[in-house]
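**Student:** My structure is stored as my_file19.txt, with compact mmCIF, C-alpha atoms.
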```txt
# COMPACT_ATOMS: atom_id res chain seq x y z
CA MET B 1 89.44 40.37 167.11
CA ASN B 2 88.01 42.61 164.50
CA PRO B 3 86.68 41.24 161.25
CA ASP B 4 89.46 43.00 159.35
CA SER B 5 92.11 41.47 161.51
CA PRO B 6 95.17 40.32 159.63
CA PRO B 7 96.28 36.74 159.17
CA GLN B 8 97.91 35.37 162.24
CA PRO B 9 101.66 35.06 162.63
CA PRO B 10 103.16 31.62 162.26
CA ASP B 11 103.61 31.28 165.98
CA PRO B 12 100.15 31.97 167.35
CA ALA B 13 101.01 31.17 170.96
CA ALA B 14 100.26 34.71 171.97
CA ARG B 15 96.90 34.75 170.29
CA ILE B 16 94.56 33.94 173.05
CA ALA B 17 91.71 31.54 172.66
CA GLN B 18 88.75 33.65 173.65
CA GLN B 19 85.88 31.24 173.65
CA ASP B 20 85.83 30.83 177.39
CA GLU B 21 87.50 34.08 178.25
CA ALA B 22 84.38 35.90 179.28
CA ASP B 23 83.57 33.06 181.60
CA LEU B 24 87.04 33.12 183.11
CA VAL B 25 86.86 36.85 183.64
CA ALA B 26 83.47 36.56 185.28
CA ARG B 27 84.73 33.85 187.61
CA ALA B 28 87.87 35.80 188.44
CA ARG B 29 85.74 38.83 189.16
CA GLY B 30 83.77 36.71 191.57
CA GLY B 31 86.92 35.81 193.45
CA ASP B 32 87.82 32.55 191.70
CA ARG B 33 91.56 32.40 192.10
CA ALA B 34 91.97 29.48 189.71
CA ALA B 35 90.19 31.36 186.93
CA PHE B 36 92.48 34.31 187.41
CA GLY B 37 95.41 31.91 187.34
CA VAL B 38 94.34 30.63 183.94
CA LEU B 39 94.13 34.18 182.63
CA VAL B 40 97.57 34.97 184.01
CA GLU B 41 99.04 31.87 182.39
CA ARG B 42 97.48 32.74 179.07
CA TYR B 43 98.62 36.33 179.04
CA ALA B 44 101.93 36.05 180.88
CA GLY B 45 103.93 35.96 177.66
CA VAL B 46 102.42 38.94 175.92
CA VAL B 47 102.19 40.95 179.12
CA ARG B 48 105.86 40.43 179.92
CA ARG B 49 106.96 41.15 176.37
CA VAL B 50 104.97 44.38 176.17
CA ALA B 51 106.33 45.50 179.53
CA ARG B 52 109.83 44.68 178.36
CA VAL B 53 109.37 46.65 175.18
CA VAL B 54 108.60 49.70 177.28
CA LEU B 55 111.10 49.21 180.08
CA ALA B 56 113.94 47.29 178.43
CA ASP B 57 115.21 46.01 181.77
CA PRO B 58 113.74 42.52 182.26
CA ASP B 59 113.43 42.80 186.04
CA ASP B 60 111.69 46.14 185.83
CA ALA B 61 109.48 44.73 183.11
CA ASP B 62 108.44 41.76 185.21
CA ASP B 63 107.68 44.04 188.15
CA ALA B 64 105.51 46.20 185.92
CA ALA B 65 103.85 43.15 184.39
CA GLN B 66 103.02 41.79 187.83
CA ASP B 67 101.68 45.15 188.99
CA ALA B 68 99.57 45.40 185.86
CA LEU B 69 98.07 41.93 186.24
CA LEU B 70 97.18 42.53 189.87
CA SER B 71 95.83 45.96 189.00
CA ALA B 72 93.70 44.34 186.30
CA LEU B 73 92.39 41.87 188.86
CA VAL B 74 91.10 44.59 191.15
CA LYS B 75 89.72 46.53 188.19
CA LEU B 76 87.88 43.60 186.65
CA ASP B 77 84.53 45.12 187.54
CA GLN B 78 85.40 47.97 185.15
CA TYR B 79 85.98 45.59 182.25
CA ASP B 80 83.25 45.48 179.62
CA PRO B 81 82.82 41.77 178.78
CA ARG B 82 81.43 42.66 175.34
CA ARG B 83 84.89 43.80 174.34
CA PRO B 84 87.99 41.64 173.91
CA PHE B 85 89.91 41.14 177.08
CA GLY B 86 93.41 41.30 175.58
CA PRO B 87 93.49 44.94 174.49
CA TRP B 88 91.90 45.99 177.79
CA LEU B 89 94.57 44.17 179.74
CA LEU B 90 97.41 45.37 177.53
CA ARG B 91 96.34 48.97 177.97
CA ILE B 92 96.77 48.49 181.71
CA VAL B 93 100.13 46.85 181.12
CA ALA B 94 101.38 49.61 178.83
CA ASN B 95 100.26 52.26 181.30
CA ALA B 96 101.86 50.47 184.22
CA ALA B 97 105.14 50.08 182.36
CA THR B 98 105.13 53.67 181.19
CA ASP B 99 104.39 54.93 184.69
CA ARG B 100 107.20 52.86 186.09
CA ARG B 101 109.62 54.15 183.50
CA ARG B 102 108.63 57.73 184.24
CA ARG B 103 109.05 57.18 187.95
CA ARG B 104 112.46 55.72 187.53
CA ARG B 105 113.57 58.48 185.22
CA VAL B 106 116.45 56.24 184.35
CA ARG B 107 116.42 54.27 181.22
CA ARG B 108 118.69 51.35 181.58
CA THR B 109 118.89 50.77 177.88
CA GLU B 110 122.28 51.00 176.36
CA THR B 111 122.75 53.21 173.38
CA LEU B 112 122.69 51.43 170.09
CA ASP B 113 126.09 50.39 168.95
CA PRO B 114 126.38 51.55 165.33
CA GLY B 115 128.74 48.70 164.61
CA LEU B 116 126.17 46.21 165.68
CA VAL B 117 123.40 47.79 163.68
CA ALA B 118 125.58 47.94 160.61
CA GLY B 119 126.20 44.25 160.89
CA GLY B 120 129.56 44.35 162.58
CA THR B 121 131.52 41.38 163.71
CA ARG B 122 129.10 38.54 163.96
CA PRO B 123 129.86 35.72 166.31
CA ASP B 124 129.75 32.48 164.37
CA THR B 125 128.94 30.43 167.41
CA ALA B 126 125.85 29.02 168.97
CA ALA B 127 125.28 32.46 170.49
CA GLU B 128 124.22 33.89 167.12
CA ARG B 129 120.61 34.08 168.02
CA ARG B 130 121.39 35.65 171.32
CA ALA B 131 123.49 38.25 169.58
CA LEU B 132 120.71 38.98 167.14
CA SER B 133 118.30 39.31 170.02
CA ASP B 134 120.63 41.79 171.66
CA ARG B 135 120.78 43.78 168.47
CA LEU B 136 117.02 43.77 168.11
CA ARG B 137 116.50 44.88 171.69
CA GLN B 138 118.96 47.69 171.20
CA ALA B 139 117.31 48.70 167.96
CA LEU B 140 113.92 48.61 169.64
CA ALA B 141 115.22 50.78 172.44
CA GLU B 142 116.06 53.45 169.90
CA LEU B 143 112.51 53.64 168.66
CA PRO B 144 109.97 55.89 170.35
CA GLU B 145 108.04 53.96 172.97
CA ARG B 146 104.72 54.02 171.16
CA ARG B 147 106.33 52.84 167.95
CA ARG B 148 108.03 49.85 169.47
CA VAL B 149 104.89 48.80 171.32
CA ALA B 150 102.94 49.07 168.07
CA VAL B 151 105.45 46.94 166.16
CA VAL B 152 105.57 44.25 168.81
CA LEU B 153 101.80 44.07 169.18
CA PHE B 154 101.43 43.81 165.42
CA ASP B 155 104.27 41.56 164.33
CA VAL B 156 104.84 39.51 167.47
CA GLU B 157 101.44 39.30 169.08
CA GLY B 158 99.35 39.48 165.93
CA TYR B 159 96.95 42.18 167.06
CA SER B 160 95.14 44.17 164.41
CA HIS B 161 95.66 47.86 163.83
CA ALA B 162 92.27 48.54 165.40
CA GLU B 163 93.11 46.58 168.52
CA ILE B 164 96.47 48.29 168.87
CA ALA B 165 94.72 51.61 168.44
CA ALA B 166 92.51 50.66 171.37
CA VAL B 167 95.51 49.70 173.48
CA LEU B 168 97.48 52.84 172.73
CA ARG B 169 94.46 55.12 172.42
CA ILE B 170 95.58 56.55 169.13
CA PRO B 171 93.90 56.56 165.71
CA LYS B 172 94.21 53.48 163.54
CA GLY B 173 96.05 55.44 160.87
CA THR B 174 98.65 56.45 163.40
CA VAL B 175 99.13 52.82 164.33
CA ARG B 176 99.77 51.96 160.68
CA SER B 177 102.32 54.72 160.47
CA GLU B 178 104.05 53.67 163.69
CA VAL B 179 104.23 50.06 162.60
CA PHE B 180 105.59 51.05 159.23
CA HIS B 181 108.35 53.26 160.58
CA GLY B 182 109.28 50.82 163.30
CA ARG B 183 109.44 47.91 160.93
CA ARG B 184 111.52 49.80 158.45
CA ARG B 185 114.20 50.34 161.06
CA LEU B 186 114.14 46.77 162.31
CA ARG B 187 114.03 45.23 158.87
CA VAL B 188 117.25 46.97 157.92
CA LEU B 189 118.87 45.42 160.93
CA LEU B 190 117.50 42.01 160.16
CA ALA B 191 118.53 42.26 156.51
CA ASP B 192 122.08 43.10 157.53
CA TRP B 193 122.07 40.09 159.74
CA LYS B 194 120.88 37.84 156.93
CA GLU B 195 123.50 39.16 154.57
CA ASP B 196 126.17 38.38 157.12
CA GLU B 197 125.08 34.80 157.37
CA MET C 1 111.21 38.42 156.05
CA ASN C 2 108.82 40.20 153.84
CA GLN C 3 111.15 42.58 152.05
CA GLU C 4 108.68 43.33 149.29
CA ALA C 5 106.04 44.45 151.69
CA LEU C 6 104.24 47.66 150.94
CA PRO C 7 104.84 50.50 153.36
CA PHE C 8 101.49 50.04 155.06
CA ASP C 9 101.41 46.29 155.03
CA HIS C 10 98.39 44.81 156.76
CA ARG C 11 100.05 41.49 157.44
CA PRO C 12 102.39 40.74 160.30
CA ASP C 13 105.93 39.93 159.24
CA PRO C 14 106.50 36.37 160.48
CA VAL C 15 110.29 36.49 160.39
CA LEU C 16 110.58 39.81 162.11
CA GLY C 17 107.89 38.73 164.55
CA ALA C 18 109.70 35.54 165.45
CA ALA C 19 113.01 37.33 165.89
CA LEU C 20 111.42 39.95 168.12
CA ARG C 21 109.64 37.29 170.11
CA ARG C 22 112.94 35.55 170.79
CA ALA C 23 114.54 38.85 171.70
CA LEU C 24 111.82 39.83 174.12
CA ASP C 25 110.86 36.52 175.62
CA PRO C 26 111.97 36.57 179.24
CA GLY C 27 111.41 32.85 179.72
CA ASP C 28 110.35 30.97 182.84
CA HIS C 29 106.70 31.89 182.71
CA THR C 30 105.91 29.37 185.43
CA ALA C 31 107.86 31.26 188.06
CA PHE C 32 106.33 34.51 186.91
CA VAL C 33 102.80 33.15 187.09
CA ALA C 34 103.47 31.80 190.59
CA ARG C 35 104.81 35.18 191.62
CA VAL C 36 101.73 36.97 190.34
CA LEU C 37 99.37 34.55 192.01
CA ALA C 38 101.26 34.95 195.26
CA GLY C 39 100.39 38.63 195.12
CA VAL C 40 96.68 38.14 194.60
CA ASP C 41 95.75 38.09 198.26
CA GLY C 42 97.84 41.17 198.94
CA ALA C 43 96.20 43.05 196.08
CA ARG C 44 92.72 42.14 197.24
CA ALA C 45 93.59 42.98 200.82
CA ALA C 46 94.89 46.36 199.70
CA VAL C 47 91.62 47.02 197.94
CA GLY C 48 89.75 45.95 201.06
CA THR C 49 91.88 48.28 203.12
CA TRP C 50 91.17 51.17 200.85
CA ASP C 51 87.49 50.40 200.91
CA ALA C 52 87.60 50.40 204.69
CA VAL C 53 89.46 53.70 204.74
CA LEU C 54 87.01 55.30 202.33
CA ALA C 55 84.06 53.94 204.29
CA ARG C 56 85.48 55.35 207.50
CA TRP C 57 85.98 58.72 205.85
CA ALA C 58 82.46 58.59 204.49
CA ARG C 59 81.01 57.92 207.94
CA VAL C 60 82.96 60.80 209.43
CA GLY C 61 81.87 63.05 206.57
CA VAL C 62 78.20 62.22 207.00
CA ALA C 63 78.38 62.83 210.75
CA ALA C 64 80.08 66.17 210.21
CA ALA C 65 77.46 67.21 207.66
CA VAL C 66 74.61 66.32 210.05
CA LEU C 67 76.19 68.30 212.88
CA THR C 68 76.74 71.30 210.62
CA ALA C 69 73.13 71.22 209.43
CA LEU C 70 71.84 71.01 212.99
CA ALA C 71 74.02 73.90 214.11
CA ALA C 72 72.96 76.02 211.18
CA GLY C 73 69.30 75.29 211.85
CA TYR C 74 69.69 76.19 215.50
CA LEU C 75 71.41 79.48 214.70
CA VAL C 76 68.84 80.50 212.10
CA GLY C 77 65.97 79.65 214.41
CA ARG C 78 67.50 81.57 217.23
CA ALA C 79 68.09 84.62 215.08
CA THR C 80 64.49 84.56 213.88
CA ALA C 81 63.05 84.19 217.36
CA SER C 82 65.20 86.91 218.91
CA GLY C 83 63.43 89.50 217.25
CA GLY C 84 64.21 90.49 214.06
CA ALA C 85 61.23 92.00 212.36
CA PRO C 86 59.80 89.52 209.95
CA ALA C 87 60.47 90.49 206.48
CA ILE C 88 57.57 91.93 204.63
CA ALA C 89 56.85 89.55 201.93
CA ARG C 90 55.42 90.77 198.77
CA ALA C 91 52.02 89.19 198.15
CA SER C 92 51.70 87.16 195.09
CA VAL C 93 48.71 87.18 192.76
CA ALA C 94 47.60 83.86 194.15
CA ASP C 95 47.73 85.24 197.69
CA VAL C 96 45.50 88.18 196.72
CA LEU C 97 42.95 85.98 195.00
CA ILE C 98 42.78 83.44 197.78
CA ALA C 99 42.77 85.86 200.68
CA PRO C 100 39.27 86.77 202.03
CA ARG C 101 38.17 90.32 201.52
CA PRO C 102 38.17 92.34 204.70
CA GLN C 103 34.64 93.64 204.18
CA THR C 104 32.11 93.36 201.41
CA PRO C 105 30.34 96.67 200.56
CA GLU C 106 26.64 96.54 200.97
CA VAL C 107 24.34 96.66 197.96
CA GLU C 108 22.78 100.01 198.93
CA VAL C 109 26.13 101.72 199.07
CA VAL C 110 27.00 100.45 195.68
CA LEU C 111 23.67 101.55 194.22
CA ALA C 112 23.97 105.02 195.81
CA SER C 113 27.44 105.40 194.37
CA VAL C 114 26.17 104.50 190.91
CA LEU C 115 23.20 106.87 191.13
CA GLU C 116 25.35 109.79 192.20
CA HIS C 117 27.42 109.46 189.08
```
Represent the structure contained in this file as structure tokens.
**Tutor:**
Amino acid sequence: MNPDSPPQPPDPAARIAQQDEADLVARARGGDRAAFGVLVERYAGVVRRVARVVLADPDDADDAAQDALLSALVKLDQYDPRRPFGPWLLRIVANAATDRRRRRRVRRTETLDPGLVAGGTRPDTAAERRALSDRLRQALAELPERRRVAVVLFDVEGYSHAEIAAVLRIPKGTVRSEVFHGRRRLRVLLADWKEDE
Amino acid sequence: MNQEALPFDHRPDPVLGAALRRALDPGDHTAFVARVLAGVDGARAAVGTWDAVLARWARVGVAAAVLTALAAGYLVGRATASGGAPAIARASVADVLIAPRPQTPEVEVVLASVLEH
């Protein structure tokens, strides 16, 4: 994490403890299956979420996430241990998901229902959260791919602008802009939801 | 939610982040991890296979290059031996300086030449 990294989100589960990460990577590179297993357990959440942001379909996303993790395993000798492992891995994940989406040429995301975005009929049942999640996924699907990945890496995973820039290979200023525009769209949705409550 | 946030806010939005996390979390990480680990051997084997393929190609390539070089050497040697006139090489300055003189003029001849002039 860079020195100018932002405060962490309240749920820091996705922020990976890095003190022994270099050791784990070195062991995994040497063929230690258990060490690779620990890395997979640590990163499974963020890897699957990032893949899902790109692909929308959860099964496709899990396939891409698995491919990316196994691809990372065989590319471990290319990893520079002086750099943080997370952004390196997530770049592989984002590329794998994007490649898969391009190959499929079919986006299984539904178009955003304007009624939902505008805060239409809200189910007042225990399924409220699920409904909100559906809305958010649909709203995310409307954003350009790079923008939604940037928002999720920043607000969900707690990565800094610099780290996201490394993942997406774009300038830091562009990351700021993408996060801003993505958030603006999602915050409107969330505000509507709050007002309905 | 941080509604008062500046456009380029440097801080993650905890409410938005939590909502997005819930929306994107696929759940059942244990099964996913098991699935990935089950693919480890296959991934490594695939790499091993590719390495073997590349190594085989490399061996074939080296053998082909050696054969080509030998054939080229044979053809050049044969062409040279079968009679082509050797090319007249232009002598370099070093060649001229190093080469022995065919005959050194005798002192008397030199003196006679000087006296005549």
**Student:** Quote the spacing between CA of Arg44 in chain C and CA of Gly31 in chain B in Å to one decimal place.
**Tutor:** 9.4 Å
**Student:** For chain C, which residue among B:Leu73, B:Val93, B:Val167, B:Val25 is the nearest when counting only C-alpha atoms?
**Tutor:** B:Leu73
**Student:** Just give me the gap between CA of Thr98 in chain B and CA of Glu145 in chain B in Å, one decimal is fine.
**Tutor:** 8.7 Å
**Student:** Give as number ranges by chain every residue of chain B that touches chain C within 9 Å, counting only C-alpha atoms.
**Tutor:** B: 5-11, 33, 36-37, 40-41, 44-46, 48-50, 52-53, 56, 58, 62, 65-67, 69-71, 73-74, 129-130, 132-137, 151-152, 154-161, 176-177, 179-181, 183-184, 186-187, 190-191
**Student:** Rounded to one decimal, what separation in Å do you get between CA of Ala94 in chain B and CA of Ala51 in chain B?
**Tutor:**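 CA of Ala51 in chain B lies 6.5 Å from CA of Ala94 in chain B.
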**Student:** List as an MDAnalysis selection string the residues having at least one atom at most 12 Å from position (94.2, 50.0, 178.4) as given in the file, counting only C-alpha atoms.
**Tutor:** chainID B and resid 68:69 71:72 75 78:80 83:98 163:170
**Student:** Assuming 3 Å of padding per side, give the centre and edge lengths of the axis-aligned box around every listed atom of range 61-74 of chain C, in Å to one decimal and as JSON.
**Tutor:**
```
{"center_x": 75.6, "center_y": 69.2, "center_z": 211.0, "size_x": 18.6, "size_y": 20.0, "size_z": 14.9}
```
**Student:** Take range 46-162 of chain B from the preceding structure and save C-alpha atoms as a short mmCIF file (atom, residue, chain, number, x, y, z; two decimals), in the first residue's frame.
**Tutor:**
```cif
data_model
loop_
_atom_site.label_atom_id
_atom_site.label_comp_id
_atom_site.auth_asym_id
_atom_site.auth_seq_id
_atom_site.Cartn_x
_atom_site.Cartn_y
_atom_site.Cartn_z
CA VAL B 46 -11.69 -9.74 -4.06
CA VAL B 47 -10.80 -11.83 -7.09
CA ARG B 48 -14.36 -13.10 -7.48
CA ARG B 49 -15.86 -9.66 -6.94
CA VAL B 50 -13.60 -8.01 -9.51
CA ALA B 51 -14.35 -10.75 -12.02
CA ARG B 52 -18.04 -10.32 -11.37
CA VAL B 53 -17.82 -6.59 -11.86
CA VAL B 54 -16.45 -7.21 -15.33
CA LEU B 55 -18.57 -10.19 -16.34
CA ALA B 56 -21.80 -9.70 -14.39
CA ASP B 57 -22.71 -13.36 -14.70
CA PRO B 58 -21.57 -15.09 -11.49
CA ASP B 59 -20.70 -18.39 -13.15
CA ASP B 60 -18.67 -16.71 -15.85
CA ALA B 61 -17.02 -14.60 -13.18
CA ASP B 62 -16.02 -17.62 -11.13
CA ASP B 63 -14.62 -19.31 -14.22
CA ALA B 64 -12.57 -16.23 -15.00
CA ALA B 65 -11.47 -15.91 -11.37
CA GLN B 66 -10.31 -19.52 -11.34
CA ASP B 67 -8.47 -19.12 -14.64
CA ALA B 68 -6.81 -15.98 -13.35
CA LEU B 69 -5.65 -17.57 -10.10
CA LEU B 70 -4.19 -20.57 -11.91
CA SER B 71 -2.62 -18.29 -14.48
CA ALA B 72 -1.08 -16.29 -11.65
CA LEU B 73 0.31 -19.50 -10.19
CA VAL B 74 2.19 -20.39 -13.35
CA LYS B 75 3.34 -16.78 -13.77
CA LEU B 76 4.62 -16.39 -10.23
CA ASP B 77 8.20 -16.30 -11.44
CA GLN B 78 7.31 -13.06 -13.25
CA TYR B 79 6.08 -11.41 -10.05
CA ASP B 80 8.39 -8.82 -8.52
CA PRO B 81 8.31 -9.50 -4.76
CA ARG B 82 9.28 -5.89 -4.03
CA ARG B 83 5.85 -4.82 -5.22
CA PRO B 84 2.52 -5.56 -3.55
CA PHE B 85 1.01 -8.83 -4.61
CA GLY B 86 -2.63 -7.70 -4.71
CA PRO B 87 -2.47 -5.26 -7.62
CA TRP B 88 -0.33 -7.70 -9.60
CA LEU B 89 -2.88 -10.45 -9.10
CA LEU B 90 -5.85 -8.20 -9.78
CA ARG B 91 -4.36 -7.06 -13.06
CA ILE B 92 -4.31 -10.71 -14.13
CA VAL B 93 -7.88 -11.11 -12.92
CA ALA B 94 -9.14 -8.03 -14.74
CA ASN B 95 -7.40 -9.13 -17.93
CA ALA B 96 -8.76 -12.65 -17.67
CA ALA B 97 -12.29 -11.39 -17.10
CA THR B 98 -12.07 -8.89 -19.92
CA ASP B 99 -10.71 -11.52 -22.30
CA ARG B 100 -13.51 -13.87 -21.38
CA ARG B 101 -16.11 -11.20 -21.93
CA ARG B 102 -14.66 -10.35 -25.32
CA ARG B 103 -14.61 -13.99 -26.32
CA ARG B 104 -18.18 -14.49 -25.34
CA ARG B 105 -19.31 -11.38 -27.14
CA VAL B 106 -22.50 -11.73 -25.20
CA ARG B 107 -23.11 -9.66 -22.19
CA ARG B 108 -25.61 -11.36 -20.02
CA THR B 109 -26.39 -8.23 -18.09
CA GLU B 110 -29.91 -7.06 -18.24
CA THR B 111 -30.57 -3.49 -19.17
CA LEU B 112 -31.16 -1.20 -16.28
CA ASP B 113 -34.77 -0.87 -15.41
CA PRO B 114 -35.44 2.87 -15.12
CA GLY B 115 -38.17 2.18 -12.61
CA LEU B 116 -35.75 0.43 -10.36
CA VAL B 117 -33.14 3.13 -10.61
CA ALA B 118 -35.69 5.80 -9.89
CA GLY B 119 -36.66 4.01 -6.73
CA GLY B 120 -39.72 2.22 -7.99
CA THR B 121 -41.80 -0.17 -6.02
CA ARG B 122 -39.68 -1.32 -3.16
CA PRO B 123 -40.39 -4.66 -1.61
CA ASP B 124 -40.90 -4.18 2.10
CA THR B 125 -39.90 -7.70 2.91
CA ALA B 126 -36.78 -9.42 4.07
CA ALA B 127 -35.65 -9.38 0.44
CA GLU B 128 -34.93 -5.65 0.60
CA ARG B 129 -31.23 -6.07 0.63
CA ARG B 130 -31.36 -8.52 -2.19
CA ALA B 131 -33.40 -6.08 -4.20
CA LEU B 132 -30.93 -3.32 -3.51
CA SER B 133 -28.12 -5.60 -4.55
CA ASP B 134 -29.92 -6.31 -7.79
CA ARG B 135 -30.31 -2.61 -8.40
CA LEU B 136 -26.66 -1.96 -7.68
CA ARG B 137 -25.52 -4.73 -9.99
CA GLN B 138 -27.72 -3.39 -12.73
CA ALA B 139 -26.44 0.12 -12.16
CA LEU B 140 -22.88 -1.15 -12.20
CA ALA B 141 -23.53 -2.94 -15.46
CA GLU B 142 -24.44 0.36 -17.04
CA LEU B 143 -21.10 1.89 -16.20
CA PRO B 144 -18.12 1.46 -18.50
CA GLU B 145 -16.06 -1.53 -17.46
CA ARG B 146 -13.04 0.44 -16.31
CA ARG B 147 -15.20 2.75 -14.25
CA ARG B 148 -16.97 0.02 -12.37
CA VAL B 149 -13.73 -1.81 -11.65
CA ALA B 150 -12.24 1.43 -10.34
CA VAL B 151 -15.21 2.10 -8.06
CA VAL B 152 -15.23 -1.41 -6.65
CA LEU B 153 -11.49 -1.49 -6.05
CA PHE B 154 -11.68 1.87 -4.31
CA ASP B 155 -14.87 1.71 -2.27
CA VAL B 156 -15.21 -2.02 -1.71
CA GLU B 157 -11.66 -3.27 -1.61
CA GLY B 158 -10.02 -0.14 -0.25
CA TYR B 159 -7.21 0.12 -2.77
CA SER B 160 -5.59 3.48 -3.29
CA HIS B 161 -5.79 5.45 -6.51
CA ALA B 162 -2.17 4.59 -7.21
#
```
